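The file start-v3.cif contains mmCIF, C-alpha atoms:
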```cif
data_run
#
loop_
_atom_site.label_atom_id
_atom_site.label_comp_id
_atom_site.auth_asym_id
_atom_site.auth_seq_id
_atom_site.Cartn_x
_atom_site.Cartn_y
_atom_site.Cartn_z
CA PRO A 1 138.83 99.21 108.65
CA GLN A 2 140.29 101.29 111.47
CA GLY A 3 139.96 98.55 114.07
CA GLN A 4 138.13 100.78 116.53
CA VAL A 5 135.61 98.01 117.27
CA THR A 6 137.16 94.74 118.40
CA PRO A 7 135.71 91.43 117.05
CA PRO A 8 134.35 90.37 120.49
CA ARG A 9 132.52 93.68 120.90
CA ALA A 10 131.21 93.51 117.34
CA LEU A 11 129.93 90.00 118.03
CA ALA A 12 128.28 91.11 121.28
CA PHE A 13 126.67 94.07 119.52
CA GLY A 14 125.31 91.84 116.75
CA ILE A 15 123.92 89.30 119.20
CA THR A 16 122.30 92.08 121.22
CA LEU A 17 120.62 93.56 118.15
CA GLY A 18 119.40 90.15 116.98
CA ALA A 19 117.99 89.23 120.39
CA ALA A 20 116.35 92.64 120.78
CA GLY A 21 114.76 92.35 117.34
CA PHE A 22 113.38 88.92 118.18
CA LEU A 23 111.88 90.15 121.46
CA VAL A 24 110.35 93.24 119.88
CA LEU A 25 108.71 91.26 117.08
CA ALA A 26 107.47 88.59 119.47
CA ALA A 27 105.97 91.21 121.79
CA VAL A 28 104.56 93.66 119.25
CA ALA A 29 103.61 91.26 116.44
CA ASN A 30 103.72 87.51 117.08
CA LEU A 31 106.09 84.60 117.62
CA LEU A 32 105.94 83.40 114.00
CA SER A 33 107.27 86.68 112.61
CA ALA A 34 110.01 86.73 115.25
CA VAL A 35 111.07 83.17 114.41
CA LEU A 36 111.17 83.92 110.68
CA ALA A 37 113.27 87.04 111.21
CA ALA A 38 115.65 85.21 113.54
CA GLY A 39 115.91 82.35 111.07
CA ALA A 40 116.85 84.74 108.29
CA LEU A 41 119.51 86.33 110.49
CA LEU A 42 121.01 82.96 111.42
CA PHE A 43 120.90 81.81 107.79
CA TYR A 44 122.72 84.96 106.69
CA VAL A 45 125.41 84.66 109.37
CA PHE A 46 126.13 80.93 109.32
CA VAL A 47 125.00 79.64 105.92
CA TYR A 48 125.88 82.59 103.70
CA THR A 49 128.65 84.52 105.46
CA ALA A 50 130.50 81.74 107.28
CA TRP A 51 130.03 78.97 104.74
CA LEU A 52 128.94 79.93 101.21
CA LYS A 53 130.45 83.36 100.67
CA ARG A 54 134.07 82.20 100.32
CA ARG A 55 133.39 78.61 99.19
CA SER A 56 130.75 78.55 96.47
CA VAL A 57 130.12 80.38 93.23
CA GLN A 58 126.42 80.04 94.10
CA ASN A 59 126.88 82.09 97.26
CA ILE A 60 124.52 84.85 96.15
CA VAL A 61 121.94 82.49 94.64
CA ILE A 62 121.50 80.50 97.84
CA GLY A 63 122.40 83.21 100.34
CA GLY A 64 119.87 85.54 98.75
CA ALA A 65 117.17 83.61 100.56
CA ALA A 66 118.05 85.50 103.75
CA GLY A 67 117.37 88.84 102.11
CA ALA A 68 114.11 87.56 100.62
CA VAL A 69 112.53 86.66 103.97
CA PRO A 70 111.12 90.13 104.90
CA PRO A 71 107.83 89.60 102.96
CA LEU A 72 107.31 86.41 104.96
CA VAL A 73 108.01 88.29 108.18
CA GLY A 74 105.68 91.13 107.26
CA TRP A 75 102.88 88.78 106.27
CA ALA A 76 103.26 86.77 109.46
CA ALA A 77 103.27 89.96 111.54
CA GLY A 78 100.14 91.29 109.85
CA ARG A 79 98.09 88.11 109.56
CA GLY A 80 99.70 85.60 111.87
CA ASN A 81 100.24 82.94 109.22
CA GLY A 82 101.89 82.18 105.90
CA SER A 83 100.39 82.46 102.43
CA TRP A 84 101.19 81.94 98.76
CA GLU A 85 101.19 85.72 98.30
CA ALA A 86 104.07 86.06 100.75
CA VAL A 87 105.91 83.16 99.10
CA ALA A 88 105.46 84.84 95.70
CA LEU A 89 107.06 88.04 96.99
CA PHE A 90 109.83 85.98 98.61
CA THR A 91 110.51 84.38 95.22
CA VAL A 92 110.59 87.75 93.48
CA ILE A 93 113.36 88.99 95.77
CA LEU A 94 115.17 85.64 95.56
CA LEU A 95 115.33 85.84 91.75
CA TRP A 96 116.14 89.55 91.81
CA THR A 97 119.21 89.09 94.02
CA PRO A 98 121.62 87.39 91.55
CA PRO A 99 121.32 89.96 88.73
CA HIS A 100 121.61 92.75 91.27
CA PHE A 101 124.79 91.50 92.94
CA TRP A 102 126.40 90.01 89.84
CA ALA A 103 126.20 93.40 88.16
CA LEU A 104 128.09 94.81 91.14
CA ALA A 105 130.55 91.92 90.97
CA LEU A 106 131.27 92.71 87.31
CA ARG A 107 132.29 96.21 88.32
CA TYR A 108 134.47 95.08 91.23
CA GLN A 109 135.66 91.76 89.83
CA GLY A 110 139.28 92.51 90.67
CA ASP A 111 138.47 93.37 94.28
CA TYR A 112 136.52 90.14 94.77
CA ALA A 113 139.38 88.15 93.24
CA ALA A 114 141.92 89.83 95.53
CA ALA A 115 139.75 89.08 98.56
CA GLY A 116 139.32 85.44 97.57
CA VAL A 117 135.54 85.65 97.20
CA PRO A 118 134.39 83.28 94.41
CA MET A 119 131.82 85.51 92.78
CA LEU A 120 130.57 84.37 89.38
CA PRO A 121 132.70 86.82 87.31
CA VAL A 122 135.82 85.71 89.17
CA VAL A 123 135.22 81.98 88.69
CA ARG A 124 133.53 81.76 85.28
CA GLY A 125 134.25 85.09 83.66
CA ALA A 126 132.32 88.17 82.63
CA SER A 127 130.60 86.62 79.60
CA ALA A 128 129.08 83.77 81.61
CA THR A 129 127.97 86.26 84.25
CA ARG A 130 126.18 88.40 81.68
CA ARG A 131 124.33 85.35 80.37
CA GLN A 132 123.26 84.39 83.88
CA ILE A 133 122.09 87.95 84.59
CA ALA A 134 119.94 87.89 81.45
CA ALA A 135 118.53 84.45 82.31
CA TYR A 136 117.56 85.40 85.86
CA SER A 137 116.05 88.69 84.66
CA LEU A 138 113.91 86.86 82.11
CA LEU A 139 112.79 84.41 84.78
CA LEU A 140 112.04 87.17 87.28
CA VAL A 141 109.50 88.97 85.08
CA PRO A 142 106.82 86.22 84.87
CA VAL A 143 107.26 85.44 88.56
CA SER A 144 106.64 89.10 89.40
CA LEU A 145 103.27 88.85 87.63
CA VAL A 146 102.03 86.01 89.85
CA PRO A 147 100.44 88.28 92.52
CA SER A 148 98.15 89.79 89.87
CA LEU A 149 97.53 86.68 87.79
CA ALA A 150 96.54 84.72 90.90
CA GLY A 151 94.23 87.45 92.18
CA GLY A 152 96.33 88.80 95.04
CA ALA A 153 96.96 92.15 93.32
CA GLY A 154 95.12 94.28 90.81
CA PRO A 155 95.70 95.94 87.43
CA LEU A 156 97.81 98.77 88.83
CA TYR A 157 100.43 96.36 90.13
CA LEU A 158 100.20 94.26 86.97
CA ALA A 159 100.88 97.26 84.74
CA ALA A 160 103.81 98.35 86.89
CA ALA A 161 105.28 94.82 87.01
CA VAL A 162 105.10 94.50 83.22
CA ALA A 163 106.61 97.93 82.58
CA LEU A 164 109.38 97.52 85.14
CA GLY A 165 110.08 93.99 83.92
CA VAL A 166 110.45 95.15 80.34
CA MET A 167 112.93 97.82 81.43
CA LEU A 168 114.92 95.36 83.53
CA VAL A 169 115.15 92.82 80.71
CA ARG A 170 116.15 95.56 78.30
CA GLU A 171 119.01 96.57 80.57
CA ALA A 172 120.09 92.94 81.06
CA LEU A 173 120.05 92.22 77.32
CA ALA A 174 121.97 95.42 76.62
CA LEU A 175 124.62 94.25 79.08
CA LEU A 176 124.71 90.86 77.34
CA ARG A 177 125.01 92.29 73.83
CA ARG A 178 127.40 95.16 74.45
CA GLY A 179 129.69 93.44 76.95
CA ASP A 180 132.35 95.66 78.43
CA ALA A 181 131.00 98.67 76.52
CA TYR A 182 127.94 98.65 78.78
CA PRO A 183 128.42 99.95 82.33
CA ALA A 184 127.40 97.16 84.67
CA MET A 185 126.68 99.66 87.43
CA ARG A 186 123.84 101.04 85.33
CA LEU A 187 122.04 97.71 85.68
CA PHE A 188 122.97 97.56 89.36
CA HIS A 189 121.44 100.96 90.08
CA PHE A 190 118.33 100.25 88.01
CA SER A 191 117.78 96.96 89.83
CA ILE A 192 117.45 98.95 93.06
CA THR A 193 114.87 101.22 91.44
CA TYR A 194 113.08 98.18 90.01
CA LEU A 195 112.54 96.44 93.33
CA ALA A 196 111.56 99.59 95.20
CA ALA A 197 109.11 100.68 92.49
CA LEU A 198 107.60 97.19 92.28
CA PHE A 199 106.76 97.12 95.98
CA VAL A 200 105.52 100.72 95.95
CA ALA A 201 103.20 99.74 93.09
CA LEU A 202 101.95 96.81 95.16
CA LEU A 203 101.22 99.14 98.07
CA LEU A 204 99.38 101.64 95.87
CA ASP A 205 97.46 98.82 94.22
CA GLN A 206 96.27 97.54 97.59
CA LEU A 207 95.23 101.03 98.66
CA ALA A 208 93.34 101.54 95.39
CA ARG A 209 91.54 98.23 95.83
CA SER A 210 90.67 99.05 99.44
CA TRP A 211 88.67 102.20 98.68
CA PRO A 212 86.53 101.76 101.84
CA VAL A 213 89.59 102.86 103.81
CA TRP A 214 89.15 106.43 102.67
CA GLY A 215 85.40 106.44 103.16
CA SER A 216 85.83 104.93 106.62
CA LEU A 217 88.38 107.56 107.57
CA TRP A 218 86.00 110.32 106.44
CA CYS A 219 83.16 108.79 108.43
CA ALA A 220 85.29 108.47 111.51
CA THR A 221 86.52 112.06 111.40
CA ARG A 222 83.98 114.24 109.57
CA GLY A 223 80.95 112.18 108.52
CA GLY A 224 79.07 112.50 111.77
CA ARG A 225 79.00 116.31 111.87
CA ASN A 226 75.66 116.69 110.10
CA ARG A 227 72.60 114.67 109.12
CA ARG A 228 73.69 114.21 105.51
CA GLY A 229 77.06 112.86 106.61
CA ILE A 230 75.45 110.47 109.09
CA ALA A 231 73.09 109.21 106.38
CA ARG A 232 75.96 108.61 103.93
CA CYS A 233 77.96 106.73 106.52
CA ARG A 234 75.03 104.54 107.48
CA TYR A 235 74.40 103.74 103.81
CA ARG A 236 78.08 102.86 103.36
CA ALA A 237 77.96 100.57 106.40
CA ALA A 238 74.86 98.84 105.04
CA THR A 239 76.33 98.21 101.58
CA TRP A 240 80.02 97.68 102.35
CA PRO A 241 80.84 93.95 102.83
CA CYS A 242 83.00 94.70 105.86
CA SER A 243 80.20 96.39 107.80
CA SER A 244 79.19 95.91 111.40
CA ARG A 245 77.44 92.67 110.41
CA SER A 246 80.58 90.91 109.20
CA TRP A 247 83.18 91.61 111.86
CA HIS A 248 83.33 88.06 113.15
CA PRO A 249 86.26 85.64 113.61
CA GLY A 250 87.23 84.08 110.30
CA SER A 251 85.75 86.88 108.22
CA SER A 252 87.96 88.27 105.46
CA CYS A 253 87.39 91.68 107.02
CA TRP A 254 89.75 90.77 109.83
CA SER A 255 92.58 90.22 107.37
CA SER A 256 91.77 93.34 105.40
CA PRO A 257 93.95 96.47 105.58
CA THR A 258 90.70 98.30 106.34
CA LEU A 259 90.29 96.69 109.77
CA ILE A 260 90.83 99.82 111.86
CA TYR A 261 88.81 102.16 109.70
CA GLY A 262 86.17 99.48 109.20
CA SER A 263 85.64 99.37 112.93
CA ALA A 264 85.30 103.14 112.93
CA ILE A 265 82.65 103.18 110.19
CA ALA A 266 80.68 100.41 111.92
CA ALA A 267 80.63 102.46 115.11
CA TRP A 268 79.60 105.69 113.35
CA ALA A 269 76.85 103.99 111.34
CA SER A 270 75.23 102.04 114.15
CA PRO A 271 71.99 103.50 115.57
CA THR A 272 73.65 103.98 118.96
CA GLY A 273 76.92 105.31 117.56
CA GLY A 274 78.10 108.94 117.81
#
```

Would you write out, as structure tokens, the structure that this file holds?
Amino acid sequence: PQGQVTPPRALAFGITLGAAGFLVLAAVANLLSAVLAAGALLFYVFVYTAWLKRRSVQNIVIGGAAGAVPPLVGWAAGRGNGSWEAVALFTVILLWTPPHFWALALRYQGDYAAAGVPMLPVVRGASATRRQIAAYSLLLVPVSLVPSLAGGAGPLYLAAAVALGVMLVREALALLRRGDAYPAMRLFHFSITYLAALFVALLLDQLARSWPVWGSLWCATRGGRNRRGIARCRYRAATWPCSSRSWHPGSSCWSSPTLIYGSAIAAWASPTGG
């Protein structure tokens, strides 16, 4: 560090960013999402950084909860409440965090020891760390399948979760078997790819399951240009569950990602529309 930013100014900058983030979320989304995000920030600063990081070998295991909160924040922002689906994604990130950071700690074990940070390789050794990485990876895979097995995600996500899980476990077991001959950073880098690909698969799965989005967009932009297009859009509105008849409070259509385009198709298909 070059010392160009003094600790008081760094503290003021951090407080300003945290307060601004809270206000933006509260204004643009809702208070619940803002409270969750602020809670994660405070947990990271006071529980993980100030307390656990230099005092407990479980610093990453417990402190990882702060980094796992974003799915809860996103769900609260989109739907205004909590749900088991959001908790499942929270748990996925929570279980993913230890293998990810312990792989990094294996590579920089000497640096952590010199800094006095009690990471698992420093306190219990590399062999114990490799066993813990394998155990958490094996536990992560079935948990990552919960969104599909419980009906919150479809076959596309399920296939991706299984394939990515197999690759992650393979890397973790290779690290366990080969020891120092296996580059720990390889697992670290793959863990990043794993988590990103898993959530991209979830997004694509939701888009694939919400096919009315694309039909609604077509109806809202091009479907009303001729009689055939108007007829197709009216038929879609009459047969699609989230049609103009079902946009009422409490309907699942309000919590669907097709809300905006569903409103558009209802307008285009109504007798008085466009």

List the residues matched by the PyMOL selection byres ((chain A and resi 66) around 12) in the displayed structure as a PyMOL selection string, ordered by chain and then by residue number. chain A and resi 36-49+59-65+67-73+90-91+93-94+97

Residues of range 42-100 of chain A that have any atom at most 8 Å from an atom of range 176-193 of chain A: could you tabulate them with the shortest-distance atom pair and the distance in Å to one decimal, using all atoms listed in the file, ordered by chain and increasing number, as a tab-separated table?
```
residue	atom	partner	partner_atom	distance
A:Trp96	CA	A:Ser191	CA	7.8
A:Pro99	CA	A:Phe188	CA	7.8
A:His100	CA	A:Phe188	CA	5.4
```

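Considering the residues A:Trp102, A:Tyr136, A:Tyr194, A:Tyr112 and counting only C-alpha atoms, Arg54 in chain A has its shortest atom-to-atom contact with A:Tyr112.
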
Go ahead and compute the interatomic distance for CA of Ala128 in chain A and CA of Leu104 in chain A, in Å to one decimal.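 Interatomic distance here is 14.6 Å.
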
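For the pair CA of Val24 in chain A and CA of Glu85 in chain A, the interatomic distance is 24.6 Å.
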
Grab the CA of Arg170 in chain A to CA of Val87 in chain A distance for me, in Å with one decimal place. 26.3 Å

Could you name the residues that touch Pro118 in chain A at 10 Å or less, counting all atoms listed in the file, but leaving out those on the same chain fewer than 3 positions away, as a count of residues only? 16

Selected residue, from A:Leu158, A:Leu164, A:Val169, A:Ala77, that lies nearest to Leu202 in chain A when counting only C-alpha atoms: A:Leu158

Counting only C-alpha atoms, which residue out of A:Pro142, A:Gly78, A:Gly110, A:Ala196 sits closest to Val28 in chain A? A:Gly78

For the file shown, report as a list in words the outcome of the PyMOL selection byres ((chain A and resi 137) around 7) at residue level.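 When the PyMOL selection byres ((chain A and resi 137) around 7) is applied to the shown file, the picked residues are Pro99, Ile133, Ala134, Ala135, Tyr136, Leu138, Leu139, Leu140, Val141, Leu168, Val169 and Ala172 of chain A.
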
Go through A:Ala103, A:Arg131, A:Ser144, A:Tyr108 one by one, measure the shortest atom-to-atom distance of each to Ala88 in chain A using all atoms listed in the file, and give the residue with the smallest value. A:Ser144

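Across A:Phe199, A:Ala208, A:Asp111, A:Leu106, the tightest approach to Leu156 in chain A is made by A:Ala208 when counting only C-alpha atoms.
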
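Take the candidates A:Gln4, A:Leu195, A:Tyr157, A:Leu17 and check each one against Leu95 in chain A using only C-alpha atoms; the shortest distance goes to A:Leu195.
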